[in-house]
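Undergrad: I have a structure I would like to understand better, so I am pasting it below and will then ask my questions one at a time.
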Amino acid sequence: MHEHPSSEPVSAEEPASLAPGLYIVATPIGNLGDMTARAVRVLASASLIACEDTRVTGRLLNHFAITTRMQPYHDHNAASVRPGLIARAAVEPVALVSDAGTPLISDPGYKLVADARDAGVTVVAVPGACAAIAALSIAGLPTDRFLFAGFLPAKDKAKRDAIAELANVPATLVFYESGPRLAATLLALHDGLGDRPAGVGRELTKRYEEMVTGPLSELAARWADAPPRGEIVVLVGPPLPAAAATADDLDSALHAALATMKVKDAARTVAEALGVSKTEAYARALVLKNGE
């Protein structure tokens, strides 16, 4: 299904003064030209901007001549800062940004939004760039269904377990990763998911943007000895269709099943396991059972 614009009239600009509320503002993931005019107006009109790193956001604000005061909001102080931000958003416009892209994608913002909504505070989306969506749009992998899985765990066993949980998800998988960990992650994905079609997006929207696609084995080999720089998005296609069972596969499975089961039960079990019709499995089971 395509996304359709609303039939409702759309205002070209924010009101002269923002209403109280929490404004979730997307910022560029690299190219400053992707900053929307609406995002600039909202950040300039807000009474406070909550951000992960004031140095990173400060550079963005300076570029657009925005002088709004900033408040650090990150994993280490979120619990203590959150009540004050919500109280302020109830009476004034407060903006939330991440270091890059859309807030709440791999950052602590969702708790702020959830608590703000519980408190009756208006929450407003000011959409824009998102690395996961940007990567999906250019990778050539299925986009009708996808699952964003964020960063995989660093430790090997935890990483393998996380990948195993995703192995049967019928969707394109999307991960964020760092350069030094990329090759190990691609190899773990190959080991856990098979040699699926995949893509690695690097430095999206920046000068040296690249999207490299191919089987997971090929991508893992590409960066095995030369970790790339920059922010990285890894995409892995849905599970590959199972290879059709051959006649030899059917006979072997039926022989094993007939050793312990009646013909009807053996045929049903093998048909389900190999994805063949029960009628075909039953007919062949009768032949094998009668020794023909």
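Here's how to read the names in the structure tokens: chain A, B, ... by the order shown, residue numbers from 1 in each chain, ligand numbers from 1 in the order shown.
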Which segment 75-140 of chain A residues have any atom within 8 Å of an atom of segment 224-246 of chain A, and for each, what is the nearest pair of atoms with distance in Å to one decimal, counting only C-alpha atoms, rows sorted by chain and number, as CSV?

TA:
```
residue,atom,partner,partner_atom,distance
A:Ala131,CA,A:Val233,CA,7.2
A:Ala132,CA,A:Val233,CA,6.6
A:Ala135,CA,A:Val233,CA,6.7
A:Leu136,CA,A:Leu235,CA,7.6
A:Ala139,CA,A:Leu235,CA,7.9
```

Undergrad: Which residue is closest to Ala65 of chain A? Choose from A:Arg222, A:Lys289, A:Arg88, A:Arg41 and count only C-alpha atoms.

TA: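 Checking each of A:Arg222, A:Lys289, A:Arg88, A:Arg41 against Ala65 of chain A, counting only C-alpha atoms, the winner is A:Arg41.
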
Undergrad: Extract, using only C-alpha atoms, all DNA, RNA and protein residues at most 9 Å from Pro72 of chain A, discarding same-chain residues fewer than 4 positions from it, and format them as a ChimeraX atom specification.

TA: /A:49-54,77-78,81

Undergrad: Please save all heavy atoms of the selected residues as an mmCIF file, in the first residue's frame.

TA:
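File produced: result.cif:
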```cif
data_model
loop_
_atom_site.group_PDB
_atom_site.id
_atom_site.type_symbol
_atom_site.label_atom_id
_atom_site.label_comp_id
_atom_site.auth_asym_id
_atom_site.auth_seq_id
_atom_site.Cartn_x
_atom_site.Cartn_y
_atom_site.Cartn_z
ATOM 1 N N ILE A 49 15.364 22.805 24.317
ATOM 2 C CA ILE A 49 15.635 21.657 23.445
ATOM 3 C C ILE A 49 16.345 20.587 24.267
ATOM 4 O O ILE A 49 17.449 20.817 24.780
ATOM 5 C CB ILE A 49 16.519 22.046 22.248
ATOM 6 C CG1 ILE A 49 15.811 23.082 21.376
ATOM 7 C CG2 ILE A 49 16.867 20.808 21.411
ATOM 8 C CD1 ILE A 49 16.693 23.670 20.286
ATOM 9 N N ALA A 50 15.715 19.439 24.418
ATOM 10 C CA ALA A 50 16.348 18.296 25.087
ATOM 11 C C ALA A 50 17.147 17.533 24.042
ATOM 12 O O ALA A 50 16.632 17.206 22.963
ATOM 13 C CB ALA A 50 15.290 17.393 25.716
ATOM 14 N N CYS A 51 18.418 17.238 24.333
ATOM 15 C CA CYS A 51 19.279 16.609 23.332
ATOM 16 C C CYS A 51 20.253 15.645 24.003
ATOM 17 O O CYS A 51 20.523 15.748 25.205
ATOM 18 C CB CYS A 51 20.049 17.662 22.543
ATOM 19 S SG CYS A 51 21.083 18.753 23.549
ATOM 20 N N GLU A 52 20.788 14.715 23.219
ATOM 21 C CA GLU A 52 21.739 13.738 23.745
ATOM 22 C C GLU A 52 23.060 14.390 24.132
ATOM 23 O O GLU A 52 23.610 14.140 25.204
ATOM 24 C CB GLU A 52 22.001 12.651 22.696
ATOM 25 C CG GLU A 52 20.824 11.740 22.421
ATOM 26 C CD GLU A 52 21.184 10.682 21.392
ATOM 27 O OE1 GLU A 52 21.741 9.635 21.786
ATOM 28 O OE2 GLU A 52 20.925 10.913 20.192
ATOM 29 N N ASP A 53 23.608 15.196 23.229
ATOM 30 C CA ASP A 53 24.925 15.808 23.432
ATOM 31 C C ASP A 53 24.835 17.272 23.014
ATOM 32 O O ASP A 53 24.617 17.570 21.835
ATOM 33 C CB ASP A 53 25.967 15.064 22.586
ATOM 34 C CG ASP A 53 27.397 15.516 22.863
ATOM 35 O OD1 ASP A 53 27.601 16.703 23.186
ATOM 36 O OD2 ASP A 53 28.314 14.679 22.748
ATOM 37 N N THR A 54 24.997 18.188 23.967
ATOM 38 C CA THR A 54 24.848 19.612 23.658
ATOM 39 C C THR A 54 25.905 20.093 22.665
ATOM 40 O O THR A 54 25.677 21.061 21.937
ATOM 41 C CB THR A 54 24.933 20.455 24.939
ATOM 42 O OG1 THR A 54 26.175 20.171 25.613
ATOM 43 C CG2 THR A 54 23.775 20.135 25.880
ATOM 44 N N ASN A 77 21.167 10.309 32.505
ATOM 45 C CA ASN A 77 20.440 11.249 33.355
ATOM 46 C C ASN A 77 18.937 11.246 33.087
ATOM 47 O O ASN A 77 18.195 12.027 33.679
ATOM 48 C CB ASN A 77 20.985 12.674 33.167
ATOM 49 C CG ASN A 77 20.589 13.297 31.839
ATOM 50 O OD1 ASN A 77 20.035 12.635 30.965
ATOM 51 N ND2 ASN A 77 20.869 14.579 31.669
ATOM 52 N N ALA A 78 18.486 10.371 32.178
ATOM 53 C CA ALA A 78 17.097 10.420 31.724
ATOM 54 C C ALA A 78 16.097 10.334 32.883
ATOM 55 O O ALA A 78 15.127 11.098 32.934
ATOM 56 C CB ALA A 78 16.837 9.301 30.717
ATOM 57 N N VAL A 81 16.004 13.674 34.820
ATOM 58 C CA VAL A 81 15.636 14.861 34.043
ATOM 59 C C VAL A 81 14.206 14.784 33.517
ATOM 60 O O VAL A 81 13.529 15.808 33.360
ATOM 61 C CB VAL A 81 16.627 15.038 32.866
ATOM 62 C CG1 VAL A 81 16.154 16.113 31.893
ATOM 63 C CG2 VAL A 81 18.013 15.384 33.402
#
```

Undergrad: Nearest residue to Tyr176 of chain A out of A:Asp156, A:Gly194, A:Ala149, A:Tyr23, using only C-alpha atoms?

TA: A:Ala149
